[in-house]
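Shown here: query_16.cif, mmCIF, C-alpha atoms, pLDDT in the B column; chains and numbers go by the auth columns.
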data_my_file
#
loop_
_atom_site.group_PDB
_atom_site.id
_atom_site.type_symbol
_atom_site.label_atom_id
_atom_site.label_comp_id
_atom_site.label_asym_id
_atom_site.label_seq_id
_atom_site.Cartn_x
_atom_site.Cartn_y
_atom_site.Cartn_z
_atom_site.B_iso_or_equiv
_atom_site.auth_seq_id
_atom_site.auth_asym_id
ATOM 1 C CA MET A 1 38.510 -26.662 15.063 47.00 86 A
ATOM 2 C CA TYR A 2 37.164 -30.168 15.110 59.00 87 A
ATOM 3 C CA ASP A 3 35.878 -31.286 11.719 77.00 88 A
ATOM 4 C CA ALA A 4 38.787 -32.004 9.377 80.00 89 A
ATOM 5 C CA GLN A 5 36.757 -31.369 6.217 85.00 90 A
ATOM 6 C CA ALA A 6 35.568 -27.991 7.501 85.00 91 A
ATOM 7 C CA VAL A 7 39.109 -26.982 8.410 88.00 92 A
ATOM 8 C CA GLN A 8 40.299 -27.899 4.932 89.00 93 A
ATOM 9 C CA THR A 9 37.462 -25.853 3.420 87.00 94 A
ATOM 10 C CA LEU A 10 38.615 -22.907 5.523 91.00 95 A
ATOM 11 C CA SER A 11 42.168 -23.187 4.225 92.00 96 A
ATOM 12 C CA ASN A 12 40.864 -23.513 0.655 91.00 97 A
ATOM 13 C CA CYS A 13 38.849 -20.317 1.172 89.00 98 A
ATOM 14 C CA LEU A 14 42.041 -18.495 2.117 93.00 99 A
ATOM 15 C CA SER A 15 43.758 -19.884 -0.976 92.00 100 A
ATOM 16 C CA HIS A 16 40.885 -18.741 -3.212 88.00 101 A
ATOM 17 C CA LEU A 17 40.908 -15.278 -1.656 89.00 102 A
ATOM 18 C CA LYS A 18 44.647 -14.922 -2.249 90.00 103 A
ATOM 19 C CA GLU A 19 44.179 -15.933 -5.889 88.00 104 A
ATOM 20 C CA GLY A 20 41.280 -13.497 -6.311 83.00 105 A
ATOM 21 C CA LYS A 21 38.760 -16.256 -7.022 80.00 106 A
ATOM 22 C CA GLY A 22 36.322 -15.432 -4.226 73.00 107 A
ATOM 23 C CA ILE A 23 34.839 -18.032 -1.913 77.00 108 A
ATOM 24 C CA GLY A 24 31.445 -18.531 -3.570 67.00 109 A
ATOM 25 C CA PRO A 25 32.020 -22.140 -4.701 62.00 110 A
ATOM 26 C CA LEU A 26 33.249 -23.168 -1.231 67.00 111 A
ATOM 27 C CA VAL A 27 30.484 -21.836 1.008 66.00 112 A
ATOM 28 C CA SER A 28 26.707 -22.064 1.224 59.00 113 A
ATOM 29 C CA GLU A 29 24.957 -21.236 -2.043 54.00 114 A
ATOM 30 C CA ASP A 30 22.101 -19.652 -0.085 55.00 115 A
ATOM 31 C CA GLU A 31 23.343 -16.166 0.759 52.00 116 A
ATOM 32 C CA ALA A 32 20.617 -15.827 3.364 54.00 117 A
ATOM 33 C CA ASP A 33 22.550 -18.395 5.418 61.00 118 A
ATOM 34 C CA LEU A 34 25.721 -16.297 5.417 63.00 119 A
ATOM 35 C CA PRO A 35 26.561 -13.202 7.482 68.00 120 A
ATOM 36 C CA LYS A 36 26.861 -10.082 5.309 73.00 121 A
ATOM 37 C CA VAL A 37 30.526 -9.843 6.251 72.00 122 A
ATOM 38 C CA ILE A 38 31.096 -13.212 4.540 73.00 123 A
ATOM 39 C CA GLN A 39 28.947 -12.382 1.519 73.00 124 A
ATOM 40 C CA ARG A 40 31.307 -9.496 0.779 76.00 125 A
ATOM 41 C CA LEU A 41 34.219 -11.914 0.475 79.00 126 A
ATOM 42 C CA LYS A 42 32.666 -13.388 -2.662 74.00 127 A
ATOM 43 C CA GLN A 43 34.065 -10.338 -4.475 76.00 128 A
ATOM 44 C CA PHE A 44 37.477 -10.066 -2.846 79.00 129 A
ATOM 45 C CA ASP A 45 40.369 -8.367 -4.642 79.00 130 A
ATOM 46 C CA PRO A 46 43.675 -9.437 -3.018 77.00 131 A
ATOM 47 C CA SER A 47 45.531 -6.558 -4.695 75.00 132 A
ATOM 48 C CA LYS A 48 43.308 -3.995 -2.967 79.00 133 A
ATOM 49 C CA ASN A 49 41.806 -5.652 0.081 80.00 134 A
ATOM 50 C CA GLY A 50 42.852 -7.258 3.327 88.00 135 A
ATOM 51 C CA LEU A 51 40.774 -9.074 5.915 91.00 136 A
ATOM 52 C CA SER A 52 39.378 -7.351 8.984 91.00 137 A
ATOM 53 C CA ILE A 53 39.349 -9.172 12.305 92.00 138 A
ATOM 54 C CA ASN A 54 35.572 -9.510 11.982 91.00 139 A
ATOM 55 C CA GLU A 55 35.940 -11.114 8.553 90.00 140 A
ATOM 56 C CA ILE A 56 38.595 -13.526 9.839 93.00 141 A
ATOM 57 C CA VAL A 57 36.391 -14.492 12.794 92.00 142 A
ATOM 58 C CA HIS A 58 33.115 -14.743 10.855 88.00 143 A
ATOM 59 C CA LEU A 59 34.672 -16.854 8.100 89.00 144 A
ATOM 60 C CA ALA A 60 35.954 -19.421 10.603 89.00 145 A
ATOM 61 C CA ASN A 61 32.739 -19.454 12.606 87.00 146 A
ATOM 62 C CA ALA A 62 30.586 -19.816 9.486 83.00 147 A
ATOM 63 C CA LEU A 63 32.534 -22.868 8.331 83.00 148 A
ATOM 64 C CA ILE A 64 33.479 -24.693 11.533 81.00 149 A
ATOM 65 C CA GLY A 65 31.022 -23.497 14.171 76.00 150 A
ATOM 66 C CA GLU A 66 30.840 -20.633 16.633 69.00 151 A
ATOM 67 C CA HIS A 67 34.004 -20.711 18.690 79.00 152 A
ATOM 68 C CA MET A 68 36.251 -17.820 17.702 86.00 153 A
ATOM 69 C CA SER A 69 35.986 -14.443 19.393 89.00 154 A
ATOM 70 C CA ALA A 70 36.913 -11.098 17.832 91.00 155 A
ATOM 71 C CA THR A 71 37.908 -9.834 21.292 92.00 156 A
ATOM 72 C CA THR A 72 40.412 -12.664 21.688 90.00 157 A
ATOM 73 C CA ILE A 73 41.943 -12.007 18.266 91.00 158 A
ATOM 74 C CA GLN A 74 42.199 -8.285 19.020 90.00 159 A
ATOM 75 C CA ASN A 75 44.079 -9.105 22.220 88.00 160 A
ATOM 76 C CA TRP A 76 46.445 -11.328 20.268 88.00 161 A
ATOM 77 C CA THR A 77 47.149 -8.667 17.649 86.00 162 A
ATOM 78 C CA LYS A 78 47.665 -5.899 20.210 83.00 163 A
ATOM 79 C CA ARG A 79 49.593 -7.674 22.928 80.00 164 A
ATOM 80 C CA GLU A 80 50.017 -11.381 23.435 73.00 165 A
ATOM 81 C CA VAL A 81 51.375 -12.634 20.089 82.00 166 A
ATOM 82 C CA ARG A 82 51.638 -9.450 18.084 83.00 167 A
ATOM 83 C CA ASP A 83 55.226 -10.260 17.204 84.00 168 A
ATOM 84 C CA ILE A 84 54.203 -13.412 15.322 87.00 169 A
ATOM 85 C CA ILE A 85 51.066 -12.024 13.639 90.00 170 A
ATOM 86 C CA GLY A 86 52.629 -8.679 12.719 87.00 171 A
ATOM 87 C CA VAL A 87 51.023 -5.300 12.126 86.00 172 A
ATOM 88 C CA PRO A 88 48.017 -4.906 9.778 87.00 173 A
ATOM 89 C CA HIS A 89 49.057 -4.698 6.122 81.00 174 A
ATOM 90 C CA ARG A 90 46.362 -2.297 4.934 79.00 175 A
ATOM 91 C CA GLY A 91 44.902 0.109 7.429 81.00 176 A
ATOM 92 C CA LYS A 92 43.280 -2.129 10.021 86.00 177 A
ATOM 93 C CA LYS A 93 43.155 -5.160 7.731 91.00 178 A
ATOM 94 C CA TYR A 94 45.346 -8.233 7.680 92.00 179 A
ATOM 95 C CA SER A 95 46.842 -10.257 4.841 91.00 180 A
ATOM 96 C CA ILE A 96 45.814 -13.794 3.907 93.00 181 A
ATOM 97 C CA ASN A 97 49.067 -15.070 5.418 93.00 182 A
ATOM 98 C CA GLN A 98 48.287 -13.313 8.687 93.00 183 A
ATOM 99 C CA ALA A 99 44.807 -14.849 8.715 94.00 184 A
ATOM 100 C CA ALA A 100 46.418 -18.293 8.322 95.00 185 A
ATOM 101 C CA ILE A 101 48.637 -17.604 11.348 94.00 186 A
ATOM 102 C CA ILE A 102 45.602 -16.547 13.400 94.00 187 A
ATOM 103 C CA TYR A 103 43.810 -19.798 12.529 94.00 188 A
ATOM 104 C CA LEU A 104 46.904 -21.779 13.502 93.00 189 A
ATOM 105 C CA LEU A 105 47.101 -19.948 16.816 91.00 190 A
ATOM 106 C CA ASP A 106 43.473 -20.816 17.457 90.00 191 A
ATOM 107 C CA ASP A 107 44.205 -24.522 16.942 89.00 192 A
ATOM 108 C CA LEU A 108 47.459 -24.592 18.890 91.00 193 A
ATOM 109 C CA LYS A 109 46.012 -22.893 21.991 86.00 194 A
ATOM 110 C CA HIS A 110 44.439 -26.224 22.983 82.00 195 A
ATOM 111 C CA LEU A 111 47.858 -27.744 23.690 88.00 196 A
ATOM 112 C CA PHE A 112 50.456 -24.979 23.966 91.00 197 A
ATOM 113 C CA SER A 113 50.669 -21.676 25.792 90.00 198 A
ATOM 114 C CA LEU A 114 50.730 -18.544 23.632 87.00 199 A
ATOM 115 C CA GLU A 115 54.417 -18.125 24.441 88.00 200 A
ATOM 116 C CA GLU A 116 55.172 -21.703 23.368 92.00 201 A
ATOM 117 C CA THR A 117 53.112 -21.201 20.215 91.00 202 A
ATOM 118 C CA ARG A 118 54.959 -17.978 19.392 89.00 203 A
ATOM 119 C CA GLU A 119 58.325 -19.726 19.775 91.00 204 A
ATOM 120 C CA LEU A 120 57.163 -22.691 17.690 94.00 205 A
ATOM 121 C CA LEU A 121 55.813 -20.676 14.758 94.00 206 A
ATOM 122 C CA THR A 122 58.829 -18.352 14.790 92.00 207 A
ATOM 123 C CA ILE A 123 60.902 -21.351 13.676 94.00 208 A
ATOM 124 C CA VAL A 124 59.188 -21.297 10.279 95.00 209 A
ATOM 125 C CA PHE A 125 57.794 -17.761 9.934 92.00 210 A
ATOM 126 C CA LYS A 126 60.617 -15.613 11.381 82.00 211 A
ATOM 127 C CA ASN A 127 59.794 -11.878 11.093 77.00 212 A
ATOM 128 C CA PRO A 128 56.032 -11.519 10.407 71.00 213 A
ATOM 129 C CA ASN A 129 56.575 -8.250 8.554 71.00 214 A
ATOM 130 C CA ILE A 130 59.109 -9.730 6.103 75.00 215 A
ATOM 131 C CA ASP A 131 57.815 -12.582 3.916 74.00 216 A
ATOM 132 C CA GLU A 132 61.178 -13.356 2.326 81.00 217 A
ATOM 133 C CA ASP A 133 62.723 -14.869 5.488 86.00 218 A
ATOM 134 C CA ASP A 134 59.986 -17.474 6.007 92.00 219 A
ATOM 135 C CA LEU A 135 60.895 -21.143 5.497 94.00 220 A
ATOM 136 C CA ILE A 136 57.386 -21.517 4.046 96.00 221 A
ATOM 137 C CA SER A 137 54.551 -19.051 3.600 94.00 222 A
ATOM 138 C CA PRO A 138 51.962 -19.207 6.412 95.00 223 A
ATOM 139 C CA LEU A 139 49.218 -19.975 3.870 96.00 224 A
ATOM 140 C CA ASP A 140 51.147 -22.880 2.321 97.00 225 A
ATOM 141 C CA PHE A 141 51.924 -24.188 5.803 97.00 226 A
ATOM 142 C CA TYR A 142 48.237 -23.985 6.772 97.00 227 A
ATOM 143 C CA LEU A 143 47.177 -25.725 3.555 97.00 228 A
ATOM 144 C CA VAL A 144 49.562 -28.641 4.204 97.00 229 A
ATOM 145 C CA TYR A 145 48.474 -28.789 7.847 96.00 230 A
ATOM 146 C CA THR A 146 44.788 -29.024 6.955 94.00 231 A
ATOM 147 C CA GLN A 147 45.476 -31.600 4.231 93.00 232 A
ATOM 148 C CA HIS A 148 46.804 -33.889 6.971 93.00 233 A
ATOM 149 C CA ALA A 149 44.224 -32.953 9.602 87.00 234 A
ATOM 150 C CA GLU A 150 42.660 -36.421 9.554 84.00 235 A
ATOM 151 C CA THR A 151 45.965 -38.121 10.332 78.00 236 A
ATOM 152 C CA SER A 152 45.543 -41.245 12.439 76.00 237 A
ATOM 153 C CA GLY A 153 48.150 -43.414 14.096 79.00 238 A
ATOM 154 C CA PRO A 154 51.439 -42.143 15.571 85.00 239 A
ATOM 155 C CA ILE A 155 52.204 -38.581 14.452 86.00 240 A
ATOM 156 C CA GLU A 156 55.834 -39.576 13.903 84.00 241 A
ATOM 157 C CA LEU A 157 54.752 -41.747 10.961 87.00 242 A
ATOM 158 C CA THR A 158 53.522 -38.674 9.076 91.00 243 A
ATOM 159 C CA GLU A 159 57.072 -37.529 8.306 93.00 244 A
ATOM 160 C CA LYS A 160 57.262 -39.093 4.828 93.00 245 A
ATOM 161 C CA ARG A 161 53.799 -37.864 3.831 93.00 246 A
ATOM 162 C CA LEU A 162 54.492 -34.356 5.087 95.00 247 A
ATOM 163 C CA ARG A 163 57.813 -34.339 3.245 96.00 248 A
ATOM 164 C CA ARG A 164 56.109 -35.297 -0.016 96.00 249 A
ATOM 165 C CA SER A 165 53.495 -32.566 0.445 96.00 250 A
ATOM 166 C CA LEU A 166 56.183 -29.955 1.090 97.00 251 A
ATOM 167 C CA GLU A 167 58.364 -31.133 -1.804 97.00 252 A
ATOM 168 C CA ARG A 168 55.430 -30.686 -4.188 97.00 253 A
ATOM 169 C CA ILE A 169 55.414 -26.956 -3.356 96.00 254 A
ATOM 170 C CA HIS A 170 59.225 -26.727 -3.126 96.00 255 A
ATOM 171 C CA ALA A 171 59.111 -25.935 0.593 96.00 256 A
ATOM 172 C CA TYR A 172 60.638 -28.976 2.255 97.00 257 A
ATOM 173 C CA ARG A 173 62.777 -28.346 5.327 96.00 258 A
ATOM 174 C CA PRO A 174 63.186 -30.756 8.280 96.00 259 A
ATOM 175 C CA GLU A 175 62.262 -27.931 10.678 96.00 260 A
ATOM 176 C CA THR A 176 58.980 -27.377 8.842 97.00 261 A
ATOM 177 C CA VAL A 177 58.076 -31.062 9.158 97.00 262 A
ATOM 178 C CA HIS A 178 58.743 -30.993 12.898 96.00 263 A
ATOM 179 C CA VAL A 179 56.565 -27.908 13.411 97.00 264 A
ATOM 180 C CA LEU A 180 53.789 -29.428 11.314 96.00 265 A
ATOM 181 C CA GLN A 181 53.878 -32.596 13.413 95.00 266 A
ATOM 182 C CA LEU A 182 53.495 -30.580 16.608 94.00 267 A
ATOM 183 C CA CYS A 183 50.560 -28.715 15.082 93.00 268 A
ATOM 184 C CA LEU A 184 48.927 -32.058 14.276 93.00 269 A
ATOM 185 C CA TYR A 185 49.425 -33.130 17.901 90.00 270 A
ATOM 186 C CA ALA A 186 47.577 -29.983 18.984 89.00 271 A
ATOM 187 C CA ARG A 187 44.767 -30.680 16.560 87.00 272 A
ATOM 188 C CA ARG A 188 44.392 -34.239 17.837 86.00 273 A
ATOM 189 C CA ILE A 189 44.211 -32.970 21.441 85.00 274 A
ATOM 190 C CA SER A 190 41.544 -30.475 20.361 80.00 275 A
ATOM 191 C CA HIS A 191 39.507 -33.233 18.717 78.00 276 A
ATOM 192 C CA LEU A 192 39.765 -35.565 21.723 82.00 277 A
ATOM 193 C CA THR A 193 38.805 -32.768 24.121 82.00 278 A
ATOM 194 C CA HIS A 194 35.723 -31.953 22.073 76.00 279 A
ATOM 195 C CA GLU A 195 34.753 -35.618 21.831 82.00 280 A
ATOM 196 C CA ALA A 196 35.204 -36.126 25.593 88.00 281 A
ATOM 197 C CA LYS A 197 32.968 -33.151 26.384 85.00 282 A
ATOM 198 C CA GLN A 198 30.265 -34.464 24.054 84.00 283 A
ATOM 199 C CA ARG A 199 30.389 -37.872 25.714 90.00 284 A
ATOM 200 C CA LEU A 200 30.283 -36.278 29.166 92.00 285 A
ATOM 201 C CA GLU A 201 27.120 -34.381 28.220 90.00 286 A
ATOM 202 C CA GLN A 202 25.530 -37.585 26.938 91.00 287 A
ATOM 203 C CA VAL A 203 26.348 -39.455 30.148 94.00 288 A
ATOM 204 C CA LEU A 204 25.097 -36.665 32.407 93.00 289 A
ATOM 205 C CA GLN A 205 21.847 -36.346 30.453 89.00 290 A
ATOM 206 C CA SER A 206 21.116 -40.080 30.372 81.00 291 A
#
Show how you would write the structure in this file as structure tokens.
Amino acid sequence: MYDAQAVQTLSNCLSHLKEGKGIGPLVSEDEADLPKVIQRLKQFDPSKNGLSINEIVHLANALIGEHMSATTIQNWTKREVRDIIGVPHRGKKYSINQAAIIYLLDDLKHLFSLEETRELLTIVFKNPNIDEDDLISPLDFYLVYTQHAETSGPIELTEKRLRRSLERIHAYRPETVHVLQLCLYARRISHLTHEAKQRLEQVLQS
């Protein structure tokens, strides 16, 4: 995920879905521009519905560009990091918190192995099937992460700003700040990798 504004829009969409507001105000007003799977999310009832893998993938791809694969997410949920995502909450559908974890995994894969990512997120999310033991909800964590996605300068200097963001939602813990900082490192690596590839293409085509 490269564009900080798009990533923040994605996290806001998750927040709206959890609150039952729908995502209409946050996405294209022209429904013809949206996949049908995304159009359905404009009338999302969090008390009755979860998100399918296709919905999770299409929402990200619609907002930040084609990069996420349903096959990859299915592999994660069945094998590689199932113990951090958890089992589907409703039939074959996942909760908003689980969608937030999937989006984090997608960002972190640019710097860490899946095993390292699993160990890192377990520090704050504990048992994925029990919300009460989390240091912070995955959605709140993702919202804070995307709010600071445009961080520049040394990541270490974000500690005070991250602390203030977490205190506003009554979720401050030193461990959470440290995990957030590592996630921001991964995002910066992702951005630099994307920028380097774009520059390489420009040089080779000139």
**Request:** Have a look at CA of Val122 in chain A and CA of His279 in chain A and let me know their distance in Å, one decimal.
**Result:**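 One can read the CA of Val122 in chain A to CA of His279 in chain A distance as 27.7 Å.
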**Request:** Check which residues satisfy the PyMOL selection byres ((chain A and resi 123-137) around 6) in the file shown, then give them as a count of residues only.
**Result:** 14
**Asked** Which one of A:Ile221, A:Leu95, A:Ile186, A:Val166 sits closest to Ser198 in chain A if you count all atoms listed in the file?
**Response**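 Smallest separation from Ser198 in chain A among the options: A:Val166.
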Give as a CSV table (one decimal) with C-alpha atoms, in the frame of the given file the residues that the PyMOL selection byres ((chain A and resi 88-91) around 9) matches when applied to the coordinates above.
chain,number,residue,atom,x,y,z
A,86,MET,CA,38.5,-26.7,15.1
A,87,TYR,CA,37.2,-30.2,15.1
A,92,VAL,CA,39.1,-27.0,8.4
A,93,GLN,CA,40.3,-27.9,4.9
A,94,THR,CA,37.5,-25.9,3.4
A,95,LEU,CA,38.6,-22.9,5.5
A,96,SER,CA,42.2,-23.2,4.2
A,148,LEU,CA,32.5,-22.9,8.3
A,149,ILE,CA,33.5,-24.7,11.5
A,231,THR,CA,44.8,-29.0,7.0
A,232,GLN,CA,45.5,-31.6,4.2
A,233,HIS,CA,46.8,-33.9,7.0
A,234,ALA,CA,44.2,-33.0,9.6
A,235,GLU,CA,42.7,-36.4,9.6
A,276,HIS,CA,39.5,-33.2,18.7
Leaving out Arg253 in chain A and any residue of its chain fewer than 5 positions from it, which residues lie within 12 Å of it when counting all atoms listed in the file, given as a PDB file with C-alpha atoms, in the frame of the given file?
ATOM      1  CA  ASP A 225      51.147 -22.880   2.321  1.00 97.00           C
ATOM      2  CA  VAL A 229      49.562 -28.641   4.204  1.00 97.00           C
ATOM      3  CA  ARG A 246      53.799 -37.864   3.831  1.00 93.00           C
ATOM      4  CA  LEU A 247      54.492 -34.356   5.087  1.00 95.00           C
ATOM      5  CA  ARG A 248      57.813 -34.339   3.245  1.00 96.00           C
TER       6      ARG A 248
END
**Prompt:** Got a sec to resolve the PyMOL selection byres ((chain A and resi 258-273) around 6) on this structure and send the residues as JSON, numbers by chain?
**Reply:** {"A": [193, 196, 257, 274, 275, 276]}
**Item:** CA of Ser250 in chain A to CA of Phe226 in chain A, straight-line distance in Å
**Value:**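 Interatomic distance, CA of Phe226 in chain A to CA of Ser250 in chain A: 10.1 Å.
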**Item:** Counting only C-alpha atoms, the residue of A:Ser291, A:Ser237, A:Ser222, A:Thr156 that sits nearest Ala184 in chain A
**Value:**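 Closest to Ala184 in chain A of all the choices is A:Ser222.
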**Message:** Is it possible to get the residues within 6 Å of (52.6, -13.6, 12.4) (coordinates as in the file, counting all atoms listed in the file) written as a VMD selection string?
**Reply:** chain A and resid 169 to 171 183 186 213
Export, as a compact mmCIF listing (two decimals), keeping the file's coordinate frame, the selected residues with C-alpha atoms.
# COMPACT_ATOMS: atom_id res chain seq x y z
CA ILE A 169 54.20 -13.41 15.32
CA ILE A 170 51.07 -12.02 13.64
CA GLY A 171 52.63 -8.68 12.72
CA GLN A 183 48.29 -13.31 8.69
CA ILE A 186 48.64 -17.60 11.35
CA PRO A 213 56.03 -11.52 10.41
**Asked** CA of Ser154 in chain A to CA of Ile240 in chain A: how many Å, to one decimal?
**Response**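 The value is 29.5 Å.
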**Request:** Give the answer as one residue: which of A:Glu104, A:Val172, A:Ile141, A:Trp161 has the shortest atom-to-atom distance to Glu200 in chain A, using only C-alpha atoms?
**Result:**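 Counting only C-alpha atoms, the residue closest to Glu200 in chain A is A:Trp161.
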**Asked** Between A:Asp168, A:Thr243, A:Leu199, A:Tyr227, which is the closest to Asn212 in chain A once you count only C-alpha atoms?
**Response**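 Using only C-alpha atoms, Asn212 in chain A sits closest to A:Asp168.
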